[in-house]
$ cat query_37.txt   # compact mmCIF, N, CA and C atoms
# COMPACT_ATOMS: atom_id res chain seq x y z
N MET A 441 98.86 219.60 215.32
CA MET A 441 100.21 219.60 214.82
C MET A 441 100.68 218.18 214.54
N ARG A 442 100.36 217.28 215.47
CA ARG A 442 100.76 215.90 215.28
C ARG A 442 100.08 215.28 214.08
N SER A 443 98.81 215.56 213.90
CA SER A 443 98.08 215.00 212.77
C SER A 443 98.61 215.55 211.44
N GLU A 444 99.06 216.80 211.46
CA GLU A 444 99.63 217.38 210.24
C GLU A 444 100.94 216.68 209.88
N LYS A 445 101.77 216.38 210.89
CA LYS A 445 103.03 215.67 210.64
C LYS A 445 102.74 214.26 210.14
N PHE A 446 101.73 213.63 210.74
CA PHE A 446 101.36 212.27 210.33
C PHE A 446 100.89 212.27 208.88
N ILE A 447 100.03 213.20 208.51
CA ILE A 447 99.53 213.30 207.13
C ILE A 447 100.67 213.59 206.17
N SER A 448 101.60 214.49 206.58
CA SER A 448 102.74 214.81 205.73
C SER A 448 103.62 213.59 205.50
N CYS A 449 103.88 212.84 206.59
CA CYS A 449 104.69 211.63 206.46
C CYS A 449 104.01 210.59 205.58
N LEU A 450 102.71 210.47 205.75
CA LEU A 450 101.94 209.52 204.94
C LEU A 450 101.99 209.89 203.46
N LEU A 451 101.85 211.15 203.16
CA LEU A 451 101.92 211.60 201.76
C LEU A 451 103.29 211.35 201.15
N VAL A 452 104.35 211.63 201.93
CA VAL A 452 105.71 211.40 201.44
C VAL A 452 105.93 209.91 201.17
N MET A 453 105.44 209.07 202.07
CA MET A 453 105.58 207.62 201.88
C MET A 453 104.82 207.15 200.64
N LEU A 454 103.60 207.64 200.46
CA LEU A 454 102.81 207.24 199.30
C LEU A 454 103.47 207.68 198.00
N LEU A 455 103.97 208.89 197.98
CA LEU A 455 104.67 209.37 196.79
C LEU A 455 105.91 208.53 196.51
N GLY A 456 106.64 208.21 197.55
CA GLY A 456 107.83 207.38 197.39
C GLY A 456 107.49 206.00 196.87
N LEU A 457 106.45 205.40 197.42
CA LEU A 457 106.06 204.06 196.98
C LEU A 457 105.52 204.08 195.55
N SER A 458 104.77 205.11 195.20
CA SER A 458 104.24 205.15 193.83
C SER A 458 105.37 205.31 192.82
N GLY A 459 106.41 206.04 193.18
CA GLY A 459 107.57 206.17 192.29
C GLY A 459 108.25 204.83 192.08
N CYS A 460 108.35 204.04 193.13
CA CYS A 460 108.95 202.70 193.01
C CYS A 460 108.09 201.81 192.14
N THR A 461 106.81 201.95 192.29
CA THR A 461 105.89 201.14 191.49
C THR A 461 106.05 201.47 190.02
N ILE A 462 106.14 202.75 189.69
CA ILE A 462 106.30 203.15 188.30
C ILE A 462 107.63 202.63 187.75
N LEU A 463 108.70 202.79 188.52
CA LEU A 463 110.01 202.32 188.05
C LEU A 463 110.03 200.80 187.93
N GLY A 464 109.34 200.12 188.84
CA GLY A 464 109.30 198.66 188.79
C GLY A 464 108.55 198.14 187.59
N ASN A 465 107.61 198.92 187.07
CA ASN A 465 106.79 198.49 185.94
C ASN A 465 107.11 199.26 184.67
N LEU A 466 108.29 199.80 184.60
CA LEU A 466 108.68 200.60 183.44
C LEU A 466 108.62 199.80 182.15
N ASP A 467 109.03 198.54 182.18
CA ASP A 467 108.97 197.70 180.97
C ASP A 467 107.54 197.55 180.48
N GLU A 468 106.62 197.29 181.41
CA GLU A 468 105.22 197.12 181.02
C GLU A 468 104.64 198.41 180.45
N ILE A 469 104.98 199.54 181.08
CA ILE A 469 104.51 200.83 180.59
C ILE A 469 105.06 201.10 179.19
N SER A 470 106.32 200.74 178.97
CA SER A 470 106.94 200.92 177.66
C SER A 470 106.24 200.06 176.59
N ILE A 471 105.89 198.83 176.96
CA ILE A 471 105.19 197.94 176.03
C ILE A 471 103.82 198.52 175.68
N LEU A 472 103.10 199.04 176.67
CA LEU A 472 101.80 199.65 176.41
C LEU A 472 101.92 200.84 175.46
N GLY A 473 102.98 201.63 175.63
CA GLY A 473 103.23 202.74 174.71
C GLY A 473 103.46 202.25 173.29
N GLY A 474 104.17 201.12 173.17
CA GLY A 474 104.41 200.52 171.85
C GLY A 474 103.11 200.06 171.21
N TYR A 475 102.23 199.46 172.00
CA TYR A 475 100.92 199.03 171.48
C TYR A 475 100.12 200.23 170.97
N SER A 476 100.19 201.32 171.69
CA SER A 476 99.46 202.51 171.29
C SER A 476 99.98 203.04 169.95
N ARG A 477 101.30 203.09 169.80
CA ARG A 477 101.87 203.54 168.52
C ARG A 477 101.52 202.59 167.40
N GLU A 478 101.52 201.28 167.68
CA GLU A 478 101.17 200.28 166.67
C GLU A 478 99.71 200.44 166.25
N LYS A 479 98.85 200.72 167.21
CA LYS A 479 97.42 200.92 166.92
C LYS A 479 97.24 202.13 166.01
N ASP A 480 97.99 203.20 166.25
CA ASP A 480 97.92 204.38 165.39
C ASP A 480 98.32 204.03 163.96
N GLY A 481 99.36 203.22 163.81
CA GLY A 481 99.80 202.77 162.48
C GLY A 481 98.73 201.93 161.80
N GLN A 482 98.05 201.09 162.56
CA GLN A 482 96.97 200.26 162.00
C GLN A 482 95.83 201.15 161.51
N HIS A 483 95.48 202.17 162.27
CA HIS A 483 94.41 203.07 161.87
C HIS A 483 94.77 203.81 160.57
N ARG A 484 96.03 204.23 160.47
CA ARG A 484 96.47 204.91 159.24
C ARG A 484 96.40 203.96 158.04
N LEU A 485 96.80 202.70 158.23
CA LEU A 485 96.76 201.71 157.15
C LEU A 485 95.32 201.45 156.71
N VAL A 486 94.42 201.27 157.65
CA VAL A 486 93.00 201.03 157.32
C VAL A 486 92.45 202.23 156.55
N LYS A 487 92.75 203.44 157.00
CA LYS A 487 92.26 204.63 156.30
C LYS A 487 92.81 204.69 154.88
N SER A 488 94.09 204.37 154.71
CA SER A 488 94.70 204.39 153.38
C SER A 488 94.03 203.38 152.45
N ILE A 489 93.82 202.16 152.94
CA ILE A 489 93.16 201.13 152.12
C ILE A 489 91.75 201.56 151.74
N ASN A 490 91.01 202.10 152.70
CA ASN A 490 89.64 202.54 152.43
C ASN A 490 89.61 203.70 151.45
N ASP A 491 90.53 204.65 151.60
CA ASP A 491 90.59 205.79 150.67
C ASP A 491 90.91 205.32 149.25
N HIS A 492 91.84 204.36 149.12
CA HIS A 492 92.17 203.82 147.79
C HIS A 492 90.95 203.11 147.19
N TYR A 493 90.23 202.36 148.01
CA TYR A 493 89.06 201.66 147.50
C TYR A 493 87.98 202.65 147.05
N ASP A 494 87.77 203.71 147.84
CA ASP A 494 86.80 204.74 147.45
C ASP A 494 87.19 205.37 146.11
N ALA A 495 88.49 205.59 145.90
CA ALA A 495 88.95 206.16 144.63
C ALA A 495 88.68 205.19 143.48
N LEU A 496 88.89 203.90 143.69
CA LEU A 496 88.62 202.89 142.66
C LEU A 496 87.14 202.85 142.31
N VAL A 497 86.28 202.87 143.32
CA VAL A 497 84.83 202.84 143.08
C VAL A 497 84.38 204.09 142.33
N LYS A 498 84.99 205.22 142.64
CA LYS A 498 84.67 206.46 141.93
C LYS A 498 85.06 206.37 140.45
N VAL A 499 86.24 205.81 140.19
CA VAL A 499 86.70 205.65 138.80
C VAL A 499 85.75 204.72 138.04
N ILE A 500 85.31 203.65 138.69
CA ILE A 500 84.36 202.72 138.06
C ILE A 500 83.05 203.44 137.76
N ALA A 501 82.54 204.21 138.72
CA ALA A 501 81.28 204.94 138.53
C ALA A 501 81.37 205.95 137.39
N GLN A 502 82.54 206.53 137.21
CA GLN A 502 82.74 207.51 136.14
C GLN A 502 83.00 206.85 134.79
N GLY A 503 83.18 205.52 134.78
CA GLY A 503 83.41 204.80 133.54
C GLY A 503 84.83 204.90 133.01
N HIS A 504 85.80 205.19 133.89
CA HIS A 504 87.18 205.37 133.45
C HIS A 504 88.11 204.23 133.86
N ILE A 505 87.55 203.11 134.27
CA ILE A 505 88.37 201.99 134.74
C ILE A 505 89.31 201.48 133.63
N SER A 506 88.88 201.58 132.38
CA SER A 506 89.71 201.09 131.28
C SER A 506 90.96 201.95 131.06
N ASP A 507 91.03 203.11 131.70
CA ASP A 507 92.23 203.96 131.60
C ASP A 507 93.41 203.34 132.34
N TYR A 508 93.14 202.43 133.25
CA TYR A 508 94.18 201.79 134.05
C TYR A 508 94.44 200.41 133.45
N LYS A 509 95.40 200.36 132.55
CA LYS A 509 95.58 199.19 131.70
C LYS A 509 96.48 198.10 132.27
N ASP A 510 97.28 198.42 133.29
CA ASP A 510 98.22 197.40 133.79
C ASP A 510 98.36 197.47 135.31
N GLU A 511 99.11 196.50 135.84
CA GLU A 511 99.30 196.38 137.28
C GLU A 511 99.93 197.63 137.88
N ALA A 512 100.92 198.18 137.19
CA ALA A 512 101.63 199.36 137.70
C ALA A 512 100.68 200.54 137.88
N ALA A 513 99.79 200.74 136.92
CA ALA A 513 98.82 201.84 137.01
C ALA A 513 97.87 201.63 138.19
N PHE A 514 97.46 200.39 138.40
CA PHE A 514 96.57 200.09 139.52
C PHE A 514 97.26 200.35 140.86
N VAL A 515 98.46 199.85 141.03
CA VAL A 515 99.16 200.03 142.30
C VAL A 515 99.43 201.51 142.56
N GLN A 516 99.81 202.23 141.52
CA GLN A 516 100.09 203.65 141.68
C GLN A 516 98.84 204.42 142.09
N SER A 517 97.69 204.08 141.53
CA SER A 517 96.47 204.84 141.79
C SER A 517 95.65 204.31 142.96
N PHE A 518 95.65 203.00 143.16
CA PHE A 518 94.76 202.40 144.15
C PHE A 518 95.48 201.60 145.23
N GLY A 519 96.79 201.62 145.23
CA GLY A 519 97.55 200.89 146.23
C GLY A 519 97.58 199.40 145.98
N GLU A 520 98.22 198.69 146.87
CA GLU A 520 98.28 197.23 146.77
C GLU A 520 96.90 196.65 147.08
N PRO A 521 96.54 195.57 146.42
CA PRO A 521 95.24 194.95 146.71
C PRO A 521 95.25 194.26 148.07
N ILE A 522 94.06 193.97 148.56
CA ILE A 522 93.92 193.22 149.81
C ILE A 522 94.49 191.81 149.62
N LEU A 523 94.26 191.24 148.45
CA LEU A 523 94.67 189.86 148.18
C LEU A 523 95.00 189.70 146.71
N LYS A 524 96.04 188.91 146.42
CA LYS A 524 96.38 188.52 145.05
C LYS A 524 96.28 187.01 144.98
N LYS A 525 95.64 186.52 143.93
CA LYS A 525 95.51 185.07 143.76
C LYS A 525 95.84 184.71 142.32
N VAL A 526 96.73 183.72 142.16
CA VAL A 526 97.10 183.24 140.83
C VAL A 526 96.06 182.21 140.40
N LEU A 527 95.49 182.42 139.22
CA LEU A 527 94.53 181.48 138.63
C LEU A 527 95.26 180.73 137.53
N ARG A 528 95.90 179.65 137.89
CA ARG A 528 96.76 178.91 136.96
C ARG A 528 96.00 178.41 135.73
N SER A 529 94.79 177.95 135.95
CA SER A 529 94.03 177.38 134.82
C SER A 529 93.74 178.43 133.75
N ARG A 530 93.67 179.68 134.14
CA ARG A 530 93.38 180.76 133.19
C ARG A 530 94.63 181.53 132.79
N GLY A 531 95.73 181.30 133.51
CA GLY A 531 96.94 182.06 133.24
C GLY A 531 96.78 183.52 133.63
N GLN A 532 96.03 183.75 134.70
CA GLN A 532 95.76 185.12 135.15
C GLN A 532 96.04 185.27 136.64
N GLU A 533 96.06 186.51 137.06
CA GLU A 533 96.15 186.82 138.48
C GLU A 533 94.95 187.69 138.83
N ARG A 534 94.30 187.38 139.95
CA ARG A 534 93.11 188.13 140.37
C ARG A 534 93.46 188.93 141.61
N TRP A 535 93.17 190.22 141.55
CA TRP A 535 93.41 191.12 142.67
C TRP A 535 92.08 191.50 143.30
N LEU A 536 92.06 191.54 144.62
CA LEU A 536 90.86 191.91 145.37
C LEU A 536 91.05 193.28 146.01
N TYR A 537 90.10 194.15 145.74
CA TYR A 537 90.04 195.45 146.40
C TYR A 537 88.70 195.55 147.13
N ARG A 538 88.72 196.00 148.38
CA ARG A 538 87.52 196.26 149.18
C ARG A 538 87.96 197.06 150.39
N TYR A 539 86.99 197.40 151.25
CA TYR A 539 87.36 198.06 152.50
C TYR A 539 88.22 197.13 153.34
N ALA A 540 89.08 197.71 154.15
CA ALA A 540 90.04 196.93 154.93
C ALA A 540 89.36 196.00 155.93
N ILE A 541 88.28 196.47 156.54
CA ILE A 541 87.57 195.68 157.53
C ILE A 541 86.33 195.09 156.86
N TYR A 542 86.28 193.77 156.81
CA TYR A 542 85.26 193.08 156.01
C TYR A 542 83.84 193.46 156.40
N ARG A 543 83.55 193.61 157.67
CA ARG A 543 82.16 193.88 158.06
C ARG A 543 81.67 195.24 157.59
N PHE A 544 82.58 196.14 157.21
CA PHE A 544 82.19 197.44 156.67
C PHE A 544 82.13 197.42 155.14
N ALA A 545 82.53 196.32 154.54
CA ALA A 545 82.57 196.23 153.07
C ALA A 545 81.19 195.87 152.53
N LYS A 546 80.65 196.75 151.71
CA LYS A 546 79.37 196.48 151.06
C LYS A 546 79.58 195.72 149.76
N ASP A 547 80.68 196.04 149.11
CA ASP A 547 81.01 195.39 147.84
C ASP A 547 82.51 195.24 147.72
N LYS A 548 82.91 194.55 146.67
CA LYS A 548 84.34 194.31 146.42
C LYS A 548 84.56 194.34 144.91
N VAL A 549 85.81 194.59 144.53
CA VAL A 549 86.16 194.66 143.12
C VAL A 549 87.29 193.66 142.87
N TYR A 550 87.06 192.79 141.90
CA TYR A 550 88.11 191.88 141.43
C TYR A 550 88.64 192.45 140.13
N VAL A 551 89.96 192.50 140.02
CA VAL A 551 90.61 192.94 138.78
C VAL A 551 91.51 191.79 138.33
N TYR A 552 91.39 191.42 137.05
CA TYR A 552 92.14 190.28 136.49
C TYR A 552 93.23 190.79 135.56
N PHE A 553 94.43 190.23 135.72
CA PHE A 553 95.57 190.60 134.88
C PHE A 553 96.12 189.35 134.21
N ASP A 554 96.60 189.52 132.97
CA ASP A 554 97.23 188.38 132.28
C ASP A 554 98.68 188.24 132.74
N ARG A 555 99.40 187.30 132.14
CA ARG A 555 100.79 187.04 132.56
C ARG A 555 101.72 188.23 132.31
N GLN A 556 101.37 189.08 131.37
CA GLN A 556 102.19 190.27 131.08
C GLN A 556 101.83 191.45 131.98
N GLY A 557 100.84 191.26 132.88
CA GLY A 557 100.46 192.33 133.80
C GLY A 557 99.45 193.31 133.23
N LYS A 558 98.82 192.95 132.12
CA LYS A 558 97.80 193.81 131.50
C LYS A 558 96.42 193.44 132.05
N MET A 559 95.58 194.46 132.29
CA MET A 559 94.24 194.19 132.79
C MET A 559 93.41 193.50 131.72
N VAL A 560 92.79 192.39 132.10
CA VAL A 560 91.95 191.62 131.20
C VAL A 560 90.48 191.98 131.41
N LYS A 561 90.08 192.01 132.69
CA LYS A 561 88.70 192.36 133.02
C LYS A 561 88.62 192.74 134.49
N TRP A 562 87.46 193.21 134.89
CA TRP A 562 87.20 193.53 136.28
C TRP A 562 85.73 193.25 136.56
N GLU A 563 85.41 193.07 137.83
CA GLU A 563 84.01 192.88 138.22
C GLU A 563 83.80 193.41 139.63
N LYS A 564 82.65 194.02 139.83
CA LYS A 564 82.27 194.55 141.14
C LYS A 564 81.14 193.68 141.66
N LEU A 565 81.33 193.09 142.85
CA LEU A 565 80.36 192.17 143.43
C LEU A 565 79.96 192.63 144.83
N THR A 566 78.78 192.20 145.25
CA THR A 566 78.34 192.48 146.61
C THR A 566 79.00 191.51 147.57
N CYS A 567 79.41 192.00 148.71
CA CYS A 567 80.02 191.13 149.74
C CYS A 567 78.91 190.46 150.54
N PRO A 568 78.97 189.15 150.67
CA PRO A 568 77.99 188.47 151.52
C PRO A 568 78.24 188.82 152.98
N LYS A 569 77.17 188.95 153.74
CA LYS A 569 77.28 189.26 155.17
C LYS A 569 77.12 187.98 155.97
N PHE A 570 78.08 187.71 156.85
CA PHE A 570 78.07 186.50 157.65
C PHE A 570 77.61 186.75 159.08
N PHE A 571 77.44 188.03 159.45
CA PHE A 571 77.03 188.34 160.82
C PHE A 571 76.14 189.54 160.84

$ encode --input "query_37.txt" --output "structure tokens"
Amino acid sequence: MRSEKFISCLLVMLLGLSGCTILGNLDEISILGGYSREKDGQHRLVKSINDHYDALVKVIAQGHISDYKDEAAFVQSFGEPILKKVLRSRGQERWLYRYAIYRFAKDKVYVYFDRQGKMVKWEKLTCPKFF
């Protein structure tokens, strides 16, 4: 009987202390929850970029890339590029499309637009592997 009371008291104390621990670390637990939600958003973004790149590669393989004549058509169909770079000497802008995570990228597509936003040319290149 005494040992049962002792075990019961011990369990009540442990439960009470664990509740205090949780309440004391509520901020940290909340931050961890935020990281988890942020990670989910990152995964959705990576999937979206990869899906858009797959669609672009499919259009190139089908020979229909010339159907997308301007920046607006590209953004609507393939999303924003990974990188935009202004080539002042040529009066063009170069857009880079590839998989979101570089180590998974086998190739990349550069699309060039003139100052009016019309597609001038495109090229598909192999990505060099650094690791």

$ atom_distance --input "query_37.txt" --atom1 "CA of Val486 (chain A)" --atom2 "atom C of Gly519 (chain A)"
12.3 Å

$ atom_distance --input "query_37.txt" --atom1 "atom N of Asp480 (chain A)" --atom2 "atom C of Ala540 (chain A)"
15.3 Å

$ atom_distance --input "query_37.txt" --atom1 "atom C of Lys564 (chain A)" --atom2 "atom N of Leu485 (chain A)"
24.5 Å

$ closest_residue --input "query_37.txt" --among "A:Gly503, A:Pro521, A:Leu565, A:Gly481" --to "Lys548 (chain A)" --atoms "all atoms listed in the file"
A:Leu565

$ closest_residue --input "query_37.txt" --among "A:Lys525, A:Tyr550, A:Asp510, A:Pro568" --to "Tyr537 (chain A)" --atoms "all atoms listed in the file"
A:Tyr550

$ closest_residue --input "query_37.txt" --among "A:Ser517, A:Tyr539, A:Arg534, A:His483" --to "Lys558 (chain A)" --atoms "only C-alpha atoms"
A:Arg534

$ residues_around --input "query_37.txt" --residues "Trp535 (chain A)" --least-positions-apart "3" --cutoff "9 Å" --atoms "only C-alpha atoms" --output "list in words"
Glu520, Pro521, Ile522, Leu523, Lys524, Lys525, Val526, Val549, Tyr550, Val551, Tyr552 and Phe553 of chain A

$ residues_around --input "query_37.txt" --residues "Cys567 (chain A)" --least-positions-apart "5" --cutoff "6.5 Å" --atoms "all atoms listed in the file" --output "short mmCIF file (atom, residue, chain, number, x, y, z; two decimals) with N, CA and C atoms, keeping the file's coordinate frame"
data_model
loop_
_atom_site.label_atom_id
_atom_site.label_comp_id
_atom_site.auth_asym_id
_atom_site.auth_seq_id
_atom_site.Cartn_x
_atom_site.Cartn_y
_atom_site.Cartn_z
N ALA A 545 82.53 196.32 154.54
CA ALA A 545 82.57 196.23 153.07
C ALA A 545 81.19 195.87 152.53
N LYS A 546 80.65 196.75 151.71
CA LYS A 546 79.37 196.48 151.06
C LYS A 546 79.58 195.72 149.76
N ASP A 547 80.68 196.04 149.11
CA ASP A 547 81.01 195.39 147.84
C ASP A 547 82.51 195.24 147.72
N LYS A 548 82.91 194.55 146.67
CA LYS A 548 84.34 194.31 146.42
C LYS A 548 84.56 194.34 144.91
#

$ select_by_dssp --input "query_37.txt" --residues "region 475-536 of chain A" --states "helix (DSSP H, G or I)" --output "MDAnalysis selection string"
chainID A and resid 475:502 505:507 511:518

$ axis_aligned_box --input "query_37.txt" --around "region 525-538 of chain A" --padding-each-side "3 Å" --output "AutoDock Vina command-line options"
--center_x 92.3 --center_y 187.2 --center_z 141.6 --size_x 15.6 --size_y 25.7 --size_z 23.6

$ closest_residue --input "query_37.txt" --among "A:Lys509, A:Arg538, A:Lys561, A:Arg477" --to "Asn490 (chain A)" --atoms "all atoms listed in the file"
A:Arg538

$ closest_residue --input "query_37.txt" --among "A:Leu496, A:Asp554, A:Trp562, A:Ile489" --to "Ile541 (chain A)" --atoms "all atoms listed in the file"
A:Ile489

$ build_atoms --input "query_37.txt" --residues "region 477-488 of chain A" --atoms "all heavy atoms" --output "short mmCIF file (atom, residue, chain, number, x, y, z; two decimals), in the frame of the given file"
data_model
loop_
_atom_site.label_atom_id
_atom_site.label_comp_id
_atom_site.auth_asym_id
_atom_site.auth_seq_id
_atom_site.Cartn_x
_atom_site.Cartn_y
_atom_site.Cartn_z
N ARG A 477 101.30 203.09 169.80
CA ARG A 477 101.87 203.54 168.52
C ARG A 477 101.52 202.59 167.40
O ARG A 477 101.24 203.00 166.28
CB ARG A 477 103.39 203.70 168.66
CG ARG A 477 103.80 204.93 169.46
CD ARG A 477 105.29 205.13 169.44
NE ARG A 477 106.03 204.06 170.08
CZ ARG A 477 106.22 203.93 171.39
NH1 ARG A 477 105.72 204.83 172.21
NH2 ARG A 477 106.92 202.93 171.88
N GLU A 478 101.52 201.28 167.68
CA GLU A 478 101.17 200.28 166.67
C GLU A 478 99.71 200.44 166.25
O GLU A 478 99.38 200.33 165.08
CB GLU A 478 101.40 198.88 167.25
CG GLU A 478 101.25 197.77 166.25
CD GLU A 478 101.62 196.43 166.86
OE1 GLU A 478 102.76 196.27 167.32
OE2 GLU A 478 100.74 195.55 166.85
N LYS A 479 98.85 200.72 167.21
CA LYS A 479 97.42 200.92 166.92
C LYS A 479 97.24 202.13 166.01
O LYS A 479 96.43 202.10 165.09
CB LYS A 479 96.67 201.09 168.24
CG LYS A 479 95.22 200.85 168.14
CD LYS A 479 94.97 199.39 167.90
CE LYS A 479 93.61 198.99 168.34
NZ LYS A 479 93.25 197.68 167.84
N ASP A 480 97.99 203.20 166.25
CA ASP A 480 97.92 204.38 165.39
C ASP A 480 98.32 204.03 163.96
O ASP A 480 97.68 204.47 163.00
CB ASP A 480 98.83 205.50 165.91
CG ASP A 480 98.34 206.10 167.22
OD1 ASP A 480 97.15 205.91 167.56
OD2 ASP A 480 99.15 206.75 167.91
N GLY A 481 99.36 203.22 163.81
CA GLY A 481 99.80 202.77 162.48
C GLY A 481 98.73 201.93 161.80
O GLY A 481 98.51 202.06 160.59
N GLN A 482 98.05 201.09 162.56
CA GLN A 482 96.97 200.26 162.00
C GLN A 482 95.83 201.15 161.51
O GLN A 482 95.27 200.91 160.43
CB GLN A 482 96.46 199.27 163.04
CG GLN A 482 97.44 198.18 163.37
CD GLN A 482 96.98 197.34 164.54
OE1 GLN A 482 95.97 197.63 165.18
NE2 GLN A 482 97.72 196.28 164.84
N HIS A 483 95.48 202.17 162.27
CA HIS A 483 94.41 203.07 161.87
C HIS A 483 94.77 203.81 160.57
O HIS A 483 93.92 203.98 159.69
CB HIS A 483 94.08 204.08 162.97
CG HIS A 483 93.35 203.49 164.13
ND1 HIS A 483 92.08 202.97 164.03
CD2 HIS A 483 93.72 203.31 165.42
CE1 HIS A 483 91.69 202.52 165.20
NE2 HIS A 483 92.67 202.70 166.06
N ARG A 484 96.03 204.23 160.47
CA ARG A 484 96.47 204.91 159.24
C ARG A 484 96.40 203.96 158.04
O ARG A 484 96.00 204.36 156.94
CB ARG A 484 97.88 205.46 159.41
CG ARG A 484 97.93 206.75 160.21
CD ARG A 484 99.30 207.43 160.13
NE ARG A 484 100.38 206.61 160.64
CZ ARG A 484 100.72 206.50 161.92
NH1 ARG A 484 100.06 207.18 162.83
NH2 ARG A 484 101.73 205.74 162.28
N LEU A 485 96.80 202.70 158.23
CA LEU A 485 96.76 201.71 157.15
C LEU A 485 95.32 201.45 156.71
O LEU A 485 95.03 201.41 155.51
CB LEU A 485 97.43 200.41 157.59
CG LEU A 485 97.43 199.28 156.57
CD1 LEU A 485 98.19 199.68 155.31
CD2 LEU A 485 98.03 198.02 157.18
N VAL A 486 94.42 201.27 157.65
CA VAL A 486 93.00 201.03 157.32
C VAL A 486 92.45 202.23 156.55
O VAL A 486 91.76 202.06 155.54
CB VAL A 486 92.18 200.75 158.59
CG1 VAL A 486 90.68 200.84 158.32
CG2 VAL A 486 92.53 199.38 159.16
N LYS A 487 92.75 203.44 157.00
CA LYS A 487 92.26 204.63 156.30
C LYS A 487 92.81 204.69 154.88
O LYS A 487 92.08 205.01 153.93
CB LYS A 487 92.63 205.89 157.06
CG LYS A 487 92.09 207.16 156.40
CD LYS A 487 92.36 208.38 157.20
CE LYS A 487 91.88 209.66 156.58
NZ LYS A 487 91.38 209.69 155.25
N SER A 488 94.09 204.37 154.71
CA SER A 488 94.70 204.39 153.38
C SER A 488 94.03 203.38 152.45
O SER A 488 93.71 203.70 151.30
CB SER A 488 96.19 204.10 153.50
OG SER A 488 96.78 203.97 152.24
#
